[in-house]
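Structure data follow from query_15.txt (compact mmCIF, C-alpha atoms (C1' of nucleotides)):
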```
# COMPACT_ATOMS: atom_id res chain seq x y z
CA MET A 1 0.00 0.00 0.00
CA ASN A 2 1.43 3.36 -0.94
CA TRP A 3 1.50 6.29 1.41
CA GLN A 4 -1.18 8.24 -0.45
CA LYS A 5 -3.75 5.49 -0.09
CA GLN A 6 -2.70 4.98 3.50
CA LEU A 7 -3.33 8.65 4.23
CA SER A 8 -6.68 8.91 2.49
CA ASP A 9 -7.95 5.67 3.98
CA LEU A 10 -7.43 7.27 7.35
CA GLY A 11 -9.28 10.41 6.31
CA PHE A 12 -6.25 12.59 5.83
CA ARG A 13 -5.90 14.62 2.68
CA VAL A 14 -3.22 14.09 0.11
CA SER A 15 -2.24 17.71 -0.19
CA ALA A 16 0.37 19.33 -2.39
CA PRO A 17 2.69 20.16 0.54
CA ARG A 18 2.55 16.57 1.76
CA LYS A 19 3.34 15.30 -1.72
CA ARG A 20 6.28 17.63 -1.94
CA VAL A 21 7.72 16.53 1.37
CA MET A 22 7.40 12.88 0.41
CA ALA A 23 8.89 13.52 -3.02
CA VAL A 24 12.02 14.96 -1.42
CA LEU A 25 12.30 12.21 1.16
CA GLU A 26 11.80 9.47 -1.40
CA SER A 27 14.62 10.70 -3.55
CA ALA A 28 16.99 11.61 -0.72
CA GLN A 29 19.99 9.39 -0.05
CA GLN A 30 20.36 10.63 3.48
CA PRO A 31 18.21 11.61 6.45
CA LEU A 32 17.10 15.25 6.34
CA THR A 33 16.26 17.56 9.20
CA PRO A 34 13.04 19.60 9.00
CA LEU A 35 15.08 22.69 8.23
CA GLU A 36 17.06 21.00 5.48
CA LEU A 37 13.87 19.69 3.96
CA HIS A 38 12.39 23.16 3.98
CA GLN A 39 15.50 24.64 2.38
CA THR A 40 15.51 21.98 -0.30
CA LEU A 41 11.91 22.70 -1.24
CA LEU A 42 12.47 26.44 -1.33
CA ARG A 43 15.53 26.03 -3.51
CA ASP A 44 13.50 23.91 -5.93
CA HIS A 45 10.79 26.58 -6.01
CA LYS A 46 8.32 24.23 -4.38
CA ALA A 47 7.09 26.69 -1.83
CA ILE A 48 6.00 25.35 1.51
CA GLY A 49 5.58 26.87 4.94
CA LEU A 50 8.06 25.77 7.57
CA ALA A 51 5.25 24.93 9.94
CA SER A 52 3.81 22.57 7.35
CA VAL A 53 7.10 20.75 7.11
CA TYR A 54 7.05 20.13 10.84
CA ARG A 55 3.38 19.17 10.78
CA THR A 56 3.82 16.80 7.87
CA LEU A 57 6.81 15.09 9.39
CA GLY A 58 4.95 14.76 12.67
CA LEU A 59 1.95 13.16 11.04
CA LEU A 60 3.82 10.90 8.66
CA SER A 61 6.19 9.65 11.30
CA ALA A 62 3.30 8.95 13.67
CA LEU A 63 1.83 6.80 10.89
CA GLY A 64 5.13 5.09 10.20
CA ILE A 65 5.33 6.48 6.68
CA VAL A 66 8.52 8.29 7.50
CA GLU A 67 10.97 7.42 10.25
CA VAL A 68 13.54 9.13 12.42
CA VAL A 69 17.22 8.42 11.94
CA TYR A 70 19.86 9.74 14.33
CA ARG A 71 22.74 11.39 12.61
CA SER A 72 26.21 11.59 14.07
CA LYS A 73 26.07 14.26 16.74
CA GLY A 74 22.53 13.65 17.87
CA GLU A 75 20.60 15.46 15.19
CA MET A 76 17.43 13.76 14.11
CA GLY A 77 16.77 13.38 10.42
CA TYR A 78 13.83 11.88 8.58
CA MET A 79 13.72 9.24 5.89
CA ALA A 80 10.91 7.64 3.91
CA ALA A 81 10.22 4.38 5.69
CA ALA A 82 10.67 1.15 3.79
CA GLN A 83 8.55 -1.95 4.26
CA GLY A 84 9.12 -4.28 7.16
CA HIS A 85 11.45 -4.18 10.10
CA HIS A 86 14.84 -2.76 9.36
CA HIS A 87 17.62 -0.51 10.59
CA HIS A 88 20.03 1.93 9.06
CA ILE A 89 23.72 2.25 8.55
CA LEU A 90 25.04 5.75 7.95
CA CYS A 91 28.21 6.92 6.32
CA GLN A 92 30.13 9.20 8.67
CA GLU A 93 31.61 11.14 5.74
CA CYS A 94 28.83 11.64 3.21
CA GLN A 95 25.86 10.85 5.47
CA ARG A 96 24.42 8.43 2.94
CA ALA A 97 22.18 5.95 4.70
CA VAL A 98 21.08 2.49 3.60
CA GLU A 99 18.90 -0.09 5.27
CA PHE A 100 19.70 -3.49 6.58
CA SER A 101 17.50 -6.11 8.13
CA GLY A 102 18.63 -7.58 11.37
CA LEU A 103 15.81 -8.66 13.62
CA GLU A 104 16.90 -12.30 13.66
CA ASP A 105 20.40 -11.38 14.70
CA LEU A 106 19.09 -9.40 17.62
CA SER A 107 16.79 -11.99 19.16
CA GLU A 108 19.70 -13.78 20.74
CA LEU A 109 21.02 -10.56 22.20
CA ILE A 110 17.58 -9.64 23.48
CA ASP A 111 17.12 -12.98 25.24
CA HIS A 112 20.51 -12.51 26.78
CA VAL A 113 19.69 -9.04 28.06
CA GLU A 114 16.30 -10.08 29.40
CA ASN A 115 17.97 -12.75 31.50
CA GLN A 116 20.72 -10.42 32.57
CA THR A 117 18.61 -7.41 33.54
CA HIS A 118 15.14 -8.89 34.11
CA TYR A 119 13.72 -6.15 31.96
CA GLN A 120 11.05 -7.17 29.46
CA VAL A 121 12.23 -5.95 26.06
CA ARG A 122 9.60 -4.41 23.82
CA ASP A 123 11.46 -2.21 21.38
CA HIS A 124 14.93 -1.22 20.31
CA LEU A 125 16.99 1.39 18.59
CA LEU A 126 19.85 0.18 16.45
CA GLN A 127 21.94 2.10 13.96
CA LEU A 128 25.39 1.47 12.59
CA TYR A 129 27.88 4.11 11.54
CA GLY A 130 30.83 3.77 9.25
CA LEU A 131 32.08 4.36 5.74
CA CYS A 132 30.13 3.68 2.57
CA PRO A 133 31.93 1.94 -0.32
CA GLU A 134 32.48 5.22 -2.19
CA CYS A 135 34.07 6.98 0.77
CA GLN A 136 36.26 3.95 1.45
CA SER A 137 37.61 4.26 -2.10
CA LYS A 138 38.28 7.95 -1.65
CA HIS A 139 40.31 7.21 1.45
CA ALA A 140 42.28 4.54 -0.35
CA ASP A 141 43.01 6.98 -3.20
CA GLU A 142 44.34 9.63 -0.88
CA LYS A 143 46.93 7.26 0.53
CA GLU A 144 48.47 6.49 -2.84
CA MET B 145 40.72 6.48 36.97
CA ASN B 146 38.05 8.75 38.35
CA TRP B 147 36.64 11.65 36.43
CA GLN B 148 38.32 14.28 38.61
CA LYS B 149 41.79 12.97 37.90
CA GLN B 150 40.90 12.57 34.26
CA LEU B 151 39.88 16.21 34.08
CA SER B 152 42.85 17.66 35.89
CA ASP B 153 45.32 15.50 33.97
CA LEU B 154 44.02 17.17 30.86
CA GLY B 155 44.40 20.62 32.36
CA PHE B 156 40.75 21.21 33.11
CA ARG B 157 39.71 22.44 36.50
CA VAL B 158 37.63 20.45 38.92
CA SER B 159 35.21 23.22 39.73
CA ALA B 160 32.25 23.24 42.08
CA PRO B 161 29.68 23.38 39.26
CA ARG B 162 31.28 20.40 37.54
CA LYS B 163 31.26 18.46 40.79
CA ARG B 164 27.62 19.24 41.27
CA VAL B 165 26.65 18.09 37.81
CA MET B 166 28.55 14.85 38.25
CA ALA B 167 27.06 14.30 41.70
CA VAL B 168 23.56 14.46 40.27
CA LEU B 169 24.36 12.24 37.32
CA GLU B 170 26.11 9.66 39.45
CA SER B 171 23.12 9.24 41.73
CA ALA B 172 20.48 9.41 39.01
CA GLN B 173 18.70 6.24 37.97
CA GLN B 174 17.67 7.66 34.63
CA PRO B 175 19.05 9.86 31.90
CA LEU B 176 18.50 13.57 32.54
CA THR B 177 18.17 16.39 30.05
CA PRO B 178 20.21 19.57 30.62
CA LEU B 179 17.07 21.36 31.77
CA GLU B 180 16.12 18.61 34.21
CA LEU B 181 19.62 18.60 35.59
CA HIS B 182 19.48 22.34 36.08
CA GLN B 183 16.10 22.10 37.80
CA THR B 184 17.35 19.35 40.08
CA LEU B 185 20.32 21.42 41.19
CA LEU B 186 18.21 24.51 41.79
CA ARG B 187 15.72 22.52 43.82
CA ASP B 188 18.54 21.16 45.96
CA HIS B 189 19.85 24.69 46.48
CA LYS B 190 23.02 23.88 44.59
CA ALA B 191 22.96 26.99 42.45
CA ILE B 192 24.39 26.70 38.99
CA GLY B 193 23.99 28.70 35.82
CA LEU B 194 22.12 27.03 33.00
CA ALA B 195 24.93 27.82 30.60
CA SER B 196 27.33 25.97 32.86
CA VAL B 197 25.14 22.91 32.76
CA TYR B 198 25.32 22.91 28.97
CA ARG B 199 29.02 23.61 28.99
CA THR B 200 29.76 20.92 31.52
CA LEU B 201 27.72 18.30 29.70
CA GLY B 202 29.41 19.25 26.46
CA LEU B 203 32.88 18.91 27.90
CA LEU B 204 32.25 15.76 29.89
CA SER B 205 30.54 13.98 27.04
CA ALA B 206 33.33 14.94 24.65
CA LEU B 207 35.71 13.28 27.12
CA GLY B 208 33.51 10.22 27.51
CA ILE B 209 32.88 10.90 31.18
CA VAL B 210 29.18 11.24 30.58
CA GLU B 211 27.23 9.77 27.69
CA VAL B 212 24.09 10.50 25.75
CA VAL B 213 21.09 8.22 26.05
CA TYR B 214 18.05 8.60 23.81
CA ARG B 215 14.80 8.58 25.68
CA SER B 216 11.54 7.45 24.15
CA LYS B 217 10.42 10.27 21.90
CA GLY B 218 13.83 11.40 20.79
CA GLU B 219 14.89 13.50 23.75
CA MET B 220 18.53 13.20 24.64
CA GLY B 221 19.44 12.61 28.25
CA TYR B 222 22.82 12.30 29.90
CA MET B 223 24.16 9.63 32.21
CA ALA B 224 27.45 9.14 34.00
CA ALA B 225 29.41 6.76 31.78
CA ALA B 226 30.44 3.44 33.20
CA GLN B 227 33.67 1.65 32.38
CA GLY B 228 34.03 -0.28 29.15
CA HIS B 229 31.76 -0.81 26.23
CA HIS B 230 28.11 -1.09 27.08
CA HIS B 231 24.60 -0.10 26.10
CA HIS B 232 21.44 0.82 27.92
CA ILE B 233 17.99 -0.57 28.36
CA LEU B 234 15.33 1.92 29.43
CA CYS B 235 12.02 1.36 31.12
CA GLN B 236 9.22 2.91 29.08
CA GLU B 237 7.18 3.58 32.21
CA CYS B 238 9.57 4.87 34.86
CA GLN B 239 12.51 5.77 32.59
CA ARG B 240 14.95 3.86 34.78
CA ALA B 241 17.97 2.85 32.74
CA VAL B 242 20.48 0.10 33.36
CA GLU B 243 23.46 -1.02 31.40
CA PHE B 244 24.17 -4.22 29.60
CA SER B 245 27.22 -5.39 27.76
CA GLY B 246 26.70 -6.76 24.32
CA LEU B 247 29.62 -6.18 22.04
CA GLU B 248 30.22 -9.88 21.42
CA ASP B 249 26.62 -10.43 20.43
CA LEU B 250 26.86 -7.67 17.87
CA SER B 251 29.98 -8.79 16.06
CA GLU B 252 28.07 -11.39 14.13
CA LEU B 253 25.46 -8.86 13.10
CA ILE B 254 28.13 -6.38 12.09
CA ASP B 255 29.92 -8.92 9.90
CA HIS B 256 26.62 -9.72 8.32
CA VAL B 257 25.83 -6.09 7.57
CA GLU B 258 29.31 -5.37 6.23
CA ASN B 259 28.88 -8.16 3.72
CA GLN B 260 25.38 -7.12 2.87
CA THR B 261 25.97 -3.38 2.43
CA HIS B 262 29.72 -3.13 1.80
CA TYR B 263 29.88 -0.38 4.37
CA GLN B 264 32.79 -0.50 6.78
CA VAL B 265 31.29 -0.42 10.28
CA ARG B 266 33.07 1.76 12.80
CA ASP B 267 30.52 2.57 15.46
CA HIS B 268 27.00 1.80 16.52
CA LEU B 269 24.05 2.99 18.52
CA LEU B 270 22.07 0.38 20.37
CA GLN B 271 19.46 0.83 23.03
CA LEU B 272 16.67 -1.40 24.20
CA TYR B 273 13.33 -0.26 25.55
CA GLY B 274 10.90 -2.16 27.70
CA LEU B 275 9.65 -2.66 31.22
CA CYS B 276 11.81 -2.87 34.30
CA PRO B 277 11.06 -5.60 36.85
CA GLU B 278 9.22 -3.19 39.17
CA CYS B 279 6.93 -1.89 36.45
CA GLN B 280 6.21 -5.42 35.27
CA SER B 281 5.01 -6.22 38.79
CA LYS B 282 2.80 -3.17 38.86
CA HIS B 283 1.17 -4.27 35.63
CA ALA B 284 0.61 -7.76 36.98
CA ASP B 285 -1.01 -6.31 40.12
CA GLU B 286 -3.43 -4.20 38.13
CA LYS B 287 -4.76 -7.23 36.30
CA GLU B 288 -5.79 -9.07 39.49
C1' DA C 289 -18.59 21.16 -13.52
C1' DA C 290 -20.11 23.93 -9.71
C1' DT C 291 -20.74 23.94 -4.82
C1' DC C 292 -20.11 22.81 -0.14
C1' DT C 293 -17.60 21.32 3.96
C1' DT C 294 -13.81 21.41 6.61
C1' DA C 295 -8.95 19.67 6.91
C1' DT C 296 -4.93 21.88 5.88
C1' DT C 297 -2.06 25.63 4.82
C1' DG C 298 1.04 29.81 5.30
C1' DA C 299 2.43 33.78 7.83
C1' DT C 300 3.28 35.39 12.08
C1' DA C 301 3.60 35.32 16.88
C1' DA C 302 4.89 32.95 20.86
C1' DT C 303 7.46 29.59 23.11
C1' DT C 304 11.25 26.82 24.21
C1' DA C 305 16.02 25.36 23.79
C1' DA C 306 20.76 26.23 23.17
C1' DT C 307 24.71 29.31 22.51
C1' DT C 308 27.49 33.46 22.98
C1' DT C 309 29.40 37.40 25.43
C1' DC C 310 31.96 39.39 29.00
C1' DA C 311 33.06 41.10 33.53
C1' DA C 312 33.56 38.74 37.98
C1' DT C 313 35.09 34.70 40.36
C1' DA C 314 37.70 30.99 42.10
C1' DA C 315 40.84 26.78 40.87
C1' DA C 316 45.56 25.57 40.64
C1' DC C 317 50.13 26.62 41.29
C1' DA C 318 54.28 29.24 42.72
C1' DT D 319 49.18 34.32 50.34
C1' DG D 320 49.31 36.13 45.91
C1' DT D 321 49.09 35.49 40.83
C1' DT D 322 47.35 33.64 36.68
C1' DT D 323 43.79 32.42 33.90
C1' DA D 324 40.15 28.82 33.15
C1' DT D 325 35.58 28.92 34.41
C1' DT D 326 31.42 30.85 35.93
C1' DG D 327 26.78 33.34 36.05
C1' DA D 328 23.64 36.60 34.09
C1' DA D 329 21.87 38.45 30.27
C1' DA D 330 21.63 38.87 25.40
C1' DT D 331 21.42 36.43 21.23
C1' DT D 332 20.40 32.93 18.11
C1' DA D 333 18.10 28.78 16.74
C1' DA D 334 14.44 25.44 16.78
C1' DT D 335 9.74 24.22 17.48
C1' DT D 336 4.89 24.97 18.38
C1' DA D 337 0.49 27.58 18.46
C1' DT D 338 -2.84 30.82 16.36
C1' DC D 339 -6.02 31.99 12.93
C1' DA D 340 -7.87 33.72 8.63
C1' DA D 341 -7.42 32.02 3.88
C1' DT D 342 -7.14 28.15 0.87
C1' DA D 343 -7.99 23.94 -1.49
C1' DA D 344 -8.90 18.66 -1.18
C1' DG D 345 -12.45 15.67 -1.52
C1' DA D 346 -17.31 14.68 -1.32
C1' DT D 347 -21.92 15.93 -3.03
C1' DT D 348 -24.76 17.35 -6.07
```
Since I need it in another form, could you write the structure as structure tokens?
Amino acid sequence: MNWQKQLSDLGFRVSAPRKRVMAVLESAQQPLTPLELHQTLLRDHKAIGLASVYRTLGLLSALGIVEVVYRSKGEMGYMAAAQGHHHHILCQECQRAVEFSGLEDLSELIDHVENQTHYQVRDHLLQLYGLCPECQSKHADEKE
Amino acid sequence: MNWQKQLSDLGFRVSAPRKRVMAVLESAQQPLTPLELHQTLLRDHKAIGLASVYRTLGLLSALGIVEVVYRSKGEMGYMAAAQGHHHHILCQECQRAVEFSGLEDLSELIDHVENQTHYQVRDHLLQLYGLCPECQSKHADEKE
DNA sequence: AATCTTATTGATAATTAATTTCAATAAACA
DNA sequence: TGTTTATTGAAATTAATTATCAATAAGATT
């Protein structure tokens, strides 16, 4: 189910500003802050009010259509959410983010922690940080 | 090595405001935001300027003496950092946070993701969320 | 296609959070 | 005990987010 149907089925309108926000997020390679998203739209002459950017991100992330990704120093960015359970790995140089699936790999860890702490685990936050293939090549080049 | 020695070895001063911030963090059971920390100190008549709270948290977290923990809705809180590599599990009801170690359990996942994405993994963010033992009991009581 | 209803928008104001500035203070050391 | 200077507190500044409200337009109805 696409996000437009999801919205209208719930009685929300598929407005031009919402389409514009999703268009940017769907083509972005990296998580964007509300301010960056707003700047991007202004630069592309797709006018939108800043408040609407915040409102749209709030709504769409509440519905799971977009999701929050933590960038290096604690800034929160937004990405269009893909299907199913997944996490992100971010490049520390170019900020490019890609998804990986990893629920299976965590179940062992979670069992372990439940036994260790006696907490009941219900949710988790997992992101990896590193270097994307392109930035690895650049580093290798510089050393030559 | 304690944080005071660590600071002075690096040429930083062990000032009263810094001691006060650390005292609060070391006795706290949950991550505190800068504003909460400031409120706590004011309430306890341990006067401190708000700017100094921010400055102290900035310095101490840069040195690894305190660390950032993400609370439920994306707020960042600070905790006194324990020795060695570890992560946190937070109670979604009472916010109490405890540590768990889990580097070994992740190495498999990391290998997996490196192969899958061709990123080179250098760092990670992992937190679990759930119910602490006390809050589990409360829930059980309510159902009787 | 024209009309109606009302969710949504944009602009602005208000609020909240974080940072900067700078004279006064107090750690650390001689 | 005095000197040096990193650090502090208070206030000003900047940045980020949320609330307000009349105007607009999405979607349903005719």
All Cα atoms, paired in order, least squares: that's the fit I need for chain A onto chain B, output as an mmCIF file with C-alpha atoms, in the frame of the given file.
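Output saved as part.cif:
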```cif
data_model
loop_
_atom_site.group_PDB
_atom_site.id
_atom_site.type_symbol
_atom_site.label_atom_id
_atom_site.label_comp_id
_atom_site.auth_asym_id
_atom_site.auth_seq_id
_atom_site.Cartn_x
_atom_site.Cartn_y
_atom_site.Cartn_z
ATOM 1 C CA MET A 1 40.736 6.489 37.057
ATOM 2 C CA ASN A 2 38.039 8.740 38.427
ATOM 3 C CA TRP A 3 36.625 11.647 36.514
ATOM 4 C CA GLN A 4 38.278 14.284 38.695
ATOM 5 C CA LYS A 5 41.764 12.988 38.013
ATOM 6 C CA GLN A 6 40.896 12.576 34.363
ATOM 7 C CA LEU A 7 39.858 16.221 34.174
ATOM 8 C CA SER A 8 42.837 17.656 36.014
ATOM 9 C CA ASP A 9 45.317 15.519 34.113
ATOM 10 C CA LEU A 10 44.028 17.186 30.991
ATOM 11 C CA GLY A 11 44.389 20.640 32.509
ATOM 12 C CA PHE A 12 40.737 21.213 33.218
ATOM 13 C CA ARG A 13 39.672 22.439 36.613
ATOM 14 C CA VAL A 14 37.583 20.457 39.017
ATOM 15 C CA SER A 15 35.155 23.222 39.801
ATOM 16 C CA ALA A 16 32.190 23.239 42.143
ATOM 17 C CA PRO A 17 29.626 23.384 39.304
ATOM 18 C CA ARG A 18 31.247 20.411 37.593
ATOM 19 C CA LYS A 19 31.216 18.458 40.838
ATOM 20 C CA ARG A 20 27.571 19.239 41.313
ATOM 21 C CA VAL A 21 26.616 18.094 37.847
ATOM 22 C CA MET A 22 28.510 14.844 38.290
ATOM 23 C CA ALA A 23 27.025 14.301 41.738
ATOM 24 C CA VAL A 24 23.520 14.457 40.282
ATOM 25 C CA LEU A 25 24.348 12.240 37.333
ATOM 26 C CA GLU A 26 26.077 9.658 39.492
ATOM 27 C CA SER A 27 23.088 9.244 41.725
ATOM 28 C CA ALA A 28 20.449 9.425 38.995
ATOM 29 C CA GLN A 29 18.670 6.245 37.945
ATOM 30 C CA GLN A 30 17.666 7.678 34.617
ATOM 31 C CA PRO A 31 19.068 9.888 31.869
ATOM 32 C CA LEU A 32 18.510 13.597 32.519
ATOM 33 C CA THR A 33 18.163 16.413 30.035
ATOM 34 C CA PRO A 34 20.199 19.592 30.599
ATOM 35 C CA LEU A 35 17.061 21.363 31.748
ATOM 36 C CA GLU A 36 16.108 18.624 34.183
ATOM 37 C CA LEU A 37 19.609 18.620 35.580
ATOM 38 C CA HIS A 38 19.452 22.355 36.086
ATOM 39 C CA GLN A 39 16.073 22.115 37.803
ATOM 40 C CA THR A 40 17.311 19.369 40.079
ATOM 41 C CA LEU A 41 20.286 21.432 41.199
ATOM 42 C CA LEU A 42 18.178 24.514 41.802
ATOM 43 C CA ARG A 43 15.678 22.530 43.827
ATOM 44 C CA ASP A 44 18.515 21.180 45.973
ATOM 45 C CA HIS A 45 19.816 24.718 46.495
ATOM 46 C CA LYS A 46 22.990 23.910 44.610
ATOM 47 C CA ALA A 47 22.943 26.986 42.464
ATOM 48 C CA ILE A 48 24.372 26.721 38.996
ATOM 49 C CA GLY A 49 23.964 28.730 35.826
ATOM 50 C CA LEU A 50 22.096 27.043 33.007
ATOM 51 C CA ALA A 51 24.900 27.831 30.612
ATOM 52 C CA SER A 52 27.314 25.990 32.877
ATOM 53 C CA VAL A 53 25.137 22.916 32.777
ATOM 54 C CA TYR A 54 25.303 22.899 28.999
ATOM 55 C CA ARG A 55 29.029 23.616 29.013
ATOM 56 C CA THR A 56 29.764 20.911 31.547
ATOM 57 C CA LEU A 57 27.742 18.308 29.729
ATOM 58 C CA GLY A 58 29.434 19.267 26.481
ATOM 59 C CA LEU A 59 32.891 18.907 27.942
ATOM 60 C CA LEU A 60 32.268 15.758 29.933
ATOM 61 C CA SER A 61 30.564 13.986 27.085
ATOM 62 C CA ALA A 62 33.380 14.934 24.712
ATOM 63 C CA LEU A 63 35.738 13.266 27.195
ATOM 64 C CA GLY A 64 33.523 10.224 27.556
ATOM 65 C CA ILE A 65 32.883 10.893 31.231
ATOM 66 C CA VAL A 66 29.195 11.246 30.597
ATOM 67 C CA GLU A 67 27.251 9.794 27.693
ATOM 68 C CA VAL A 68 24.113 10.511 25.724
ATOM 69 C CA VAL A 69 21.117 8.226 26.009
ATOM 70 C CA TYR A 70 18.075 8.595 23.766
ATOM 71 C CA ARG A 71 14.835 8.589 25.631
ATOM 72 C CA SER A 72 11.562 7.474 24.129
ATOM 73 C CA LYS A 73 10.437 10.284 21.867
ATOM 74 C CA GLY A 74 13.848 11.421 20.749
ATOM 75 C CA GLU A 75 14.916 13.497 23.704
ATOM 76 C CA MET A 76 18.549 13.197 24.610
ATOM 77 C CA GLY A 77 19.451 12.634 28.225
ATOM 78 C CA TYR A 78 22.820 12.309 29.906
ATOM 79 C CA MET A 79 24.159 9.631 32.198
ATOM 80 C CA ALA A 80 27.459 9.142 34.000
ATOM 81 C CA ALA A 81 29.412 6.777 31.795
ATOM 82 C CA ALA A 82 30.469 3.440 33.209
ATOM 83 C CA GLN A 83 33.695 1.653 32.357
ATOM 84 C CA GLY A 84 34.069 -0.270 29.144
ATOM 85 C CA HIS A 85 31.809 -0.780 26.192
ATOM 86 C CA HIS A 86 28.169 -1.075 27.042
ATOM 87 C CA HIS A 87 24.647 -0.097 26.075
ATOM 88 C CA HIS A 88 21.484 0.830 27.875
ATOM 89 C CA ILE A 89 18.037 -0.544 28.334
ATOM 90 C CA LEU A 90 15.366 1.926 29.390
ATOM 91 C CA CYS A 91 12.067 1.379 31.091
ATOM 92 C CA GLN A 92 9.264 2.909 29.040
ATOM 93 C CA GLU A 93 7.209 3.598 32.178
ATOM 94 C CA CYS A 94 9.601 4.893 34.820
ATOM 95 C CA GLN A 95 12.532 5.779 32.545
ATOM 96 C CA ARG A 96 14.969 3.893 34.742
ATOM 97 C CA ALA A 97 17.987 2.888 32.705
ATOM 98 C CA VAL A 98 20.509 0.125 33.332
ATOM 99 C CA GLU A 99 23.519 -1.007 31.368
ATOM 100 C CA PHE A 100 24.207 -4.203 29.572
ATOM 101 C CA SER A 101 27.257 -5.379 27.722
ATOM 102 C CA GLY A 102 26.743 -6.730 24.280
ATOM 103 C CA LEU A 103 29.663 -6.168 21.969
ATOM 104 C CA GLU A 104 30.242 -9.878 21.389
ATOM 105 C CA ASP A 105 26.649 -10.422 20.405
ATOM 106 C CA LEU A 106 26.866 -7.690 17.826
ATOM 107 C CA SER A 107 29.994 -8.796 15.993
ATOM 108 C CA GLU A 108 28.076 -11.429 14.105
ATOM 109 C CA LEU A 109 25.444 -8.924 13.083
ATOM 110 C CA ILE A 110 28.102 -6.445 12.030
ATOM 111 C CA ASP A 111 29.884 -8.983 9.827
ATOM 112 C CA HIS A 112 26.564 -9.812 8.287
ATOM 113 C CA VAL A 113 25.762 -6.188 7.530
ATOM 114 C CA GLU A 114 29.215 -5.470 6.140
ATOM 115 C CA ASN A 115 28.774 -8.281 3.644
ATOM 116 C CA GLN A 116 25.250 -7.240 2.847
ATOM 117 C CA THR A 117 25.822 -3.513 2.363
ATOM 118 C CA HIS A 118 29.566 -3.260 1.675
ATOM 119 C CA TYR A 119 29.754 -0.501 4.224
ATOM 120 C CA GLN A 120 32.698 -0.605 6.619
ATOM 121 C CA VAL A 121 31.242 -0.494 10.128
ATOM 122 C CA ARG A 122 33.041 1.704 12.626
ATOM 123 C CA ASP A 123 30.513 2.528 15.306
ATOM 124 C CA HIS A 124 26.999 1.769 16.420
ATOM 125 C CA LEU A 125 24.086 2.972 18.441
ATOM 126 C CA LEU A 126 22.109 0.366 20.318
ATOM 127 C CA GLN A 127 19.496 0.835 23.003
ATOM 128 C CA LEU A 128 16.708 -1.402 24.185
ATOM 129 C CA TYR A 129 13.368 -0.265 25.536
ATOM 130 C CA GLY A 130 10.943 -2.155 27.683
ATOM 131 C CA LEU A 131 9.699 -2.651 31.209
ATOM 132 C CA CYS A 132 11.874 -2.855 34.298
ATOM 133 C CA PRO A 133 11.110 -5.580 36.869
ATOM 134 C CA GLU A 134 9.278 -3.150 39.169
ATOM 135 C CA CYS A 135 6.972 -1.857 36.449
ATOM 136 C CA GLN A 136 6.271 -5.409 35.295
ATOM 137 C CA SER A 137 5.059 -6.203 38.819
ATOM 138 C CA LYS A 138 2.851 -3.139 38.879
ATOM 139 C CA HIS A 139 1.217 -4.246 35.657
ATOM 140 C CA ALA A 140 0.657 -7.724 37.013
ATOM 141 C CA ASP A 141 -0.938 -6.255 40.160
ATOM 142 C CA GLU A 142 -3.367 -4.145 38.206
ATOM 143 C CA LYS A 143 -4.741 -7.180 36.413
ATOM 144 C CA GLU A 144 -5.667 -8.995 39.601
#
```
Q.
Only residues of chain D matter here; which ones have an atom within 12 Å of chain B, counting all atoms listed in the file? Give them as JSON, numbers by chain.
A. {"D": [323, 324, 325, 326, 327, 328, 329]}
Q. With all atoms listed in the file as the atoms that count, which of B:Val257, B:Leu179, B:Leu203, B:Leu234 lies nearest to chain C?
A. B:Leu179
Q: Compile the residues of chain A that lie within 8 Å of chain B, evaluated using only C-alpha atoms, and express the compilation as a ChimeraX atom specification.
A: /A:74,76,89,91,98,100,102,105-106,108-109,113,116-133,136
Q. If you measure from atom CA of A:His45 to atom C1' of D:DC339, what distance in Å do you get, rounded to one decimal?
A.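 Calculated distance between atom CA of A:His45 and atom C1' of D:DC339 is 25.9 Å.
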Write out, as CSV, each residue of chain C that has an atom at most 10 Å from chain B, together with the closest pair of atoms and their distance in Å to one decimal, counting only C-alpha atoms (C1' of nucleotides), rows going by chain and rising number.
```
residue,atom,partner,partner_atom,distance
C:DA305,C1',B:Leu179,CA,9.0
C:DA306,C1',B:Tyr198,CA,8.1
C:DT307,C1',B:Ala195,CA,8.2
C:DT308,C1',B:Ala195,CA,9.8
C:DA314,C1',B:Ser159,CA,8.5
C:DA315,C1',B:Arg157,CA,6.3
C:DA316,C1',B:Arg157,CA,7.8
```
Q: Mind giving me the straight-line distance from atom CA of A:Leu63 to atom CA of A:Gln29 in Å, one decimal?
A: 21.4 Å
Q: Work out how far apart atom CA of A:Gln30 and atom CA of A:Gln95 are and give it in Å to one decimal.
A: 5.9 Å
Q: Name the residues in contact with A:Leu32 at a cut-off of 8 Å, using all atoms listed in the file, excluding same-chain residues fewer than 6 positions from it; report them as a list in words.
A: Leu25, Met76, Gly77, Tyr78 and Met79 of chain A
Export C-alpha atoms of the chosen residues as a PDB file, in the frame of the given file?
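Heads up, here's the output in part-v6.pdb:
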```pdb
ATOM      1  CA  LEU A  25      12.300  12.210   1.160  1.00  0.00           C
ATOM      2  CA  MET A  76      17.430  13.760  14.110  1.00  0.00           C
ATOM      3  CA  GLY A  77      16.770  13.380  10.420  1.00  0.00           C
ATOM      4  CA  TYR A  78      13.830  11.880   8.580  1.00  0.00           C
ATOM      5  CA  MET A  79      13.720   9.240   5.890  1.00  0.00           C
TER       6      MET A  79
END
```
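Omitting D:DA337 and its sequence neighbours fewer than 6 positions away, and counting all atoms listed in the file, the residues within 9 Å are DA301, DA302 and DT303 of chain C.
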